[in-house]
Amino acid sequence: MELCQWWRHIVVFLLHAWIPSCFAQTTPPVRSSPTPTPQTAEGPETLKFRLSGFPRKHNEGRIEVFYKGEWGTICDDDFSLANAHVLCRQLGFVSATGWTHSAKYGKGTGKIWLDNVQCSGSERSVSVCKSRGWGNSDCTHDEDAGVICKDERLLGYVDSNVIEVDENKVEEVRLRPVFTIATKRMPVTEGVVEVKNKDGWAQICDNGWTPKNSHVVCGMMGFPHEKKVNKNFYKLYAERQKNHFLVHSVACSGTEVHLAACPLEFNYGNATESCPGGMPAVVSCVPGPLYAQSTAMRKKLKMPSTIRLKGGAKYGEGRVEVLKGSEWGTICDDRWNLLSANVVCRELGFGSAKEALTGARMGQGLGPIHMNEVQCTGHERSLWNCRYKNITAEDCKHTEDASVRCNVPYMGYEKTVRILGGRTRYEGRVEVLYTETNGTLRWGLICGEGWGTEEAMVACRQLGLGFSMHAITETWYWDSSNVTEMVMSGVKCTGDEMSLNQCQHHRTISCQKAAARFSAGVICSETASDLVLNAPLVQQTTYIEDRPLHMLYCAAEEDCLSKSAAKANWPYGHRRLLRFSSQIHNIGRADFRPKAGRHSWVWHACHGHYHSMDIFTHYDLMSANGTKVAEGHKASFCLEDTDCDEGVSKRYECANFGEQGITVGCWDLYRHDIDCQWIDITDVKPGNYILQVVINPNYEVAESDFTNNAMKCNCKYDGHRIWVHNCHIGERRIQSLKEIVYPKMKRCR
């Protein structure tokens, strides 16, 4: 009998874990708070906490407490990791990873509020831990304690630094749809507003409910705007329901990023009868263009053209970049806060901001820094409407680029895909949920043929696991599932899709290697590299060389000359080469490493080196209509750190069969005078052309941003000399070839 009850509990658990709810849009699950403990004799006074000091990251620092109208510190006597756990949770982080002593982050000022603090780690507040009492200390500020928190936020904490502790805080909010059709469509844009407390989900009384309140709720749900709702239907619905009103008054200003930041009045009496003449609050939201439910609406809601996010693993996060004139640039993080991040997120069609990130947390940008000390009120429709300062050369560096994480609508995409068999949750064989002809839902495999980096990127994003590090086409070593049937083949993604179902694929399965061992798999990572070429250096170093054939045997062997070279009268004559230097920077958040391990690198005896990638860069000379008139390529014979930014150490060196790669903050230089660092233009006629260099052209190695991998220049060749002009990365406009004017260009012989 006990065994049966045990299995019954297991079945109930599995049902709760796997069956999606049809009735609510909920935020992701949060770690449960510790059991509340009684307040100390000091009473229920609200405390505030913050991290201070220098140097530090956003999730570490000297711990400071605001008590009885004054900020103070905590002494490090008897301090422990358990203390840090409690304090980090009060700061809005899930836990602590360490703590510091002896004023590592600098000495504080004012009171030392607590000393000899001894927590078990499960307390809800440091005020209930053992200590000498408030203000009773024999320490100096040389003993100020600090904490290092895990960089993962608890939901419901809305300030990046100062956190107010409130027993009645609202952590989870949802829109519960009541229309039958609305329960089946994602995202949920309209419904009854509900908040979660220890007793479950409860409603909010709509007496005095304003559009500003709706604006905040919609922002939390990932939507930029609210709209009026037809309350007549909901009133009839509410009359038939037994409602539990936890909150009877909300007074948001409209700039808050979370309902918990608004003034709230809670019910303490009979909650079922505490909304006289009212009903549960109902909200209707307008989705942004990426989440609109109809094609017509998506066309109507266009993405802004002067602001974008780069370097993020998910939609709604990234480094903030703005377009000024014809050039994209970044924003300095001085005074960067949630109000400004909020304006960015809503302008881009997402909800309110979850985090305002500083210190190039989403990688460093390129080019100019357009804005500094941005100060928004939170009501602006565009970041350009906020106050800001222009940048001078000494103000900021790209190590201070500002970033955001925005609330995005819950789509449930992660419920239709999973990866199994890997050593960690970040790797495994990809299995997708599909519907059989009889309507039954099952899991199935994806054919590995044609599975590449772009497809793996979509899978990792859909799973919420960041970027794809490797796309796997044979997964026999991850065989831990009884799923053996191929249900998708011919999958072709651009890399920008939100789910694999949005990618092109065969209507009917067509897979030559249909065995389960040849199904698709992925290895995901929270971070990725990001390579970019130094465009000005290309323009500065371009020149023409007529090189004798007897000096090009090795280059010919590595296929670095045009096809007509095979018909030349070797070793007599020469080839005309367009030469230039390539300096390739890694501005991402992970090292760039060759996909192939050193055991599979190819030795080239002629040049005496190993190739870790067959094609690392493409060099093309194109006509005005984009037709290639000459091309070249560069194998990665030596990926190494030629030099690095200040404070960054080299990791990769090719000497003695060393490891190859490019460290974050370092660059690899291919000088103009080495073999294959050219385009063979022997057969090119005089005219106007476009010089294009593309790094990692076959997407062999995953990057956080492929749009900055291409560099283009305008060129004019008169048969003897070449002029190079307007070299730039990716998105900036290539000038019309008719606009080229000799005096404005660099001339190279």
# chains A, B, ... in the order shown; residues from 1 in each chain; ligands from 1
call {"tool": "residues_around", "arguments": {"residues": "Ser519 in chain A", "least_positions_apart": "3", "cutoff": "10 Å", "atoms": "only C-alpha atoms", "output": "ChimeraX atom specification"}}
result
/A:429-431,444-449,451,472-476,484-486,488-489,511,513-516
call {"tool": "residues_around", "arguments": {"residues": "range 649-665 of chain A", "least_positions_apart": "2", "cutoff": "12 Å", "atoms": "only C-alpha atoms", "output": "number ranges by chain"}}
result
A: 360, 363-365, 398-399, 527-532, 583-599, 601-603, 608-613, 616, 636-647, 667-669, 701
call {"tool": "closest_residue", "arguments": {"among": "A:Ile63, A:Ile729, A:Cys606, A:Ala471", "to": "Tyr553 in chain A", "atoms": "only C-alpha atoms"}}
result
A:Cys606
call {"tool": "residues_around", "arguments": {"residues": "range 341-348 of chain A", "least_positions_apart": "6", "cutoff": "9 Å", "atoms": "only C-alpha atoms", "output": "PyMOL selection string"}}
result
chain A and resi 219+222-225+255-257+288-289+303-304+307-309+316-317+320+354-357+376-383+386+403-407
call {"tool": "closest_residue", "arguments": {"among": "A:Leu578, A:Val147, A:Val522, A:Val286", "to": "Tyr717 in chain A", "atoms": "only C-alpha atoms"}}
result
A:Leu578
call {"tool": "residues_around", "arguments": {"residues": "Tyr388 in chain A", "least_positions_apart": "5", "cutoff": "8 Å", "atoms": "only C-alpha atoms", "output": "compact mmCIF listing (two decimals) with all heavy atoms, in the first residue's frame"}}
result
# COMPACT_ATOMS: atom_id res chain seq x y z
N MET A 371 26.56 58.57 -26.54
CA MET A 371 25.85 59.20 -25.43
C MET A 371 26.53 58.88 -24.11
O MET A 371 27.07 57.80 -23.91
CB MET A 371 24.39 58.72 -25.38
CG MET A 371 23.62 58.90 -26.68
SD MET A 371 21.97 58.11 -26.64
CE MET A 371 21.01 59.37 -25.82
N ASN A 372 26.45 59.83 -23.18
CA ASN A 372 27.01 59.64 -21.84
C ASN A 372 26.08 60.31 -20.83
O ASN A 372 25.36 61.25 -21.15
CB ASN A 372 28.40 60.27 -21.76
CG ASN A 372 29.09 59.96 -20.43
OD1 ASN A 372 28.74 59.01 -19.74
ND2 ASN A 372 30.06 60.77 -20.07
N GLU A 373 26.07 59.77 -19.62
CA GLU A 373 25.25 60.30 -18.53
C GLU A 373 23.79 60.49 -18.97
O GLU A 373 23.21 61.56 -18.80
CB GLU A 373 25.83 61.61 -18.00
CG GLU A 373 27.21 61.43 -17.36
CD GLU A 373 27.67 62.67 -16.60
OE1 GLU A 373 26.82 63.50 -16.24
OE2 GLU A 373 28.89 62.79 -16.37
N VAL A 374 23.25 59.43 -19.52
CA VAL A 374 21.84 59.46 -19.95
C VAL A 374 20.96 59.52 -18.71
O VAL A 374 21.13 58.75 -17.77
CB VAL A 374 21.51 58.22 -20.79
CG1 VAL A 374 20.03 58.25 -21.19
CG2 VAL A 374 22.40 58.16 -22.02
N GLN A 375 20.00 60.44 -18.71
CA GLN A 375 19.08 60.59 -17.58
C GLN A 375 17.66 60.69 -18.11
O GLN A 375 17.25 61.71 -18.65
CB GLN A 375 19.43 61.84 -16.77
CG GLN A 375 20.81 61.79 -16.12
CD GLN A 375 21.11 63.04 -15.33
OE1 GLN A 375 20.47 63.33 -14.32
NE2 GLN A 375 22.08 63.80 -15.79
call {"tool": "residues_around", "arguments": {"residues": "Glu454 in chain A", "least_positions_apart": "2", "cutoff": "6 Å", "atoms": "only C-alpha atoms", "output": "list in words"}}
result
Gly452, Ala456, Met457, Cys493 and Gly495 of chain A
call {"tool": "write_last_selection", "arguments": {"atoms": "N, CA and C atoms", "output": "tab-separated table (two decimals), in the first residue's frame"}}
result
chain	number	residue	atom	x	y	z
A	452	GLY	N	23.64	22.85	-38.67
A	452	GLY	CA	24.83	23.68	-38.49
A	452	GLY	C	24.69	24.68	-37.37
A	456	ALA	N	21.68	25.26	-34.56
A	456	ALA	CA	22.00	25.01	-33.15
A	456	ALA	C	21.79	26.27	-32.30
A	457	MET	N	22.07	27.44	-32.89
A	457	MET	CA	21.84	28.71	-32.18
A	457	MET	C	20.37	28.85	-31.79
A	493	CYS	N	17.80	27.38	-40.75
A	493	CYS	CA	17.47	28.58	-39.99
A	493	CYS	C	18.37	29.74	-40.41
A	495	GLY	N	19.13	31.83	-38.02
A	495	GLY	CA	19.79	32.06	-36.75
A	495	GLY	C	19.07	33.04	-35.87
call {"tool": "residues_around", "arguments": {"residues": "Ser305 in chain A", "least_positions_apart": "3", "cutoff": "9 Å", "atoms": "only C-alpha atoms", "output": "PyMOL selection string"}}
result
chain A and resi 302+308+322-323
call {"tool": "atom_distance", "arguments": {"atom1": "CA of Ile679 in chain A", "atom2": "CA of Val538 in chain A"}}
result
12.9 Å
call {"tool": "select_by_dssp", "arguments": {"residues": "range 454-483 of chain A", "states": "strand (DSSP E or B)", "output": "compact mmCIF listing (two decimals) with N, CA, C and O atoms, in the first residue's frame"}}
result
# COMPACT_ATOMS: atom_id res chain seq x y z
N PHE A 467 24.02 30.68 -26.18
CA PHE A 467 24.51 30.50 -27.55
C PHE A 467 24.87 29.04 -27.80
O PHE A 467 25.08 28.27 -26.88
N SER A 468 24.98 28.69 -29.07
CA SER A 468 25.48 27.38 -29.44
C SER A 468 26.99 27.44 -29.59
O SER A 468 27.51 28.30 -30.31
N MET A 469 27.69 26.55 -28.92
CA MET A 469 29.14 26.46 -29.11
C MET A 469 29.48 25.47 -30.21
O MET A 469 30.43 25.65 -30.96
N HIS A 470 28.68 24.39 -30.31
CA HIS A 470 28.93 23.39 -31.34
C HIS A 470 27.60 22.79 -31.81
O HIS A 470 26.71 22.53 -31.01
N ALA A 471 27.52 22.59 -33.12
CA ALA A 471 26.39 21.87 -33.71
C ALA A 471 26.86 20.45 -33.99
O ALA A 471 27.84 20.25 -34.71
N ILE A 472 26.18 19.48 -33.41
CA ILE A 472 26.61 18.08 -33.48
C ILE A 472 25.71 17.32 -34.46
O ILE A 472 24.49 17.43 -34.39
call {"tool": "residues_around", "arguments": {"residues": "Gly422 in chain A", "least_positions_apart": "2", "cutoff": "10 Å", "atoms": "only C-alpha atoms", "output": "list in words"}}
result
Ile419, Leu420, Thr424, Arg425, Tyr426, Glu427, Gly428, Arg429, Thr475, Tyr477, Trp478, Asp479, Ser480, Gly521, Val522 and Ile523 of chain A
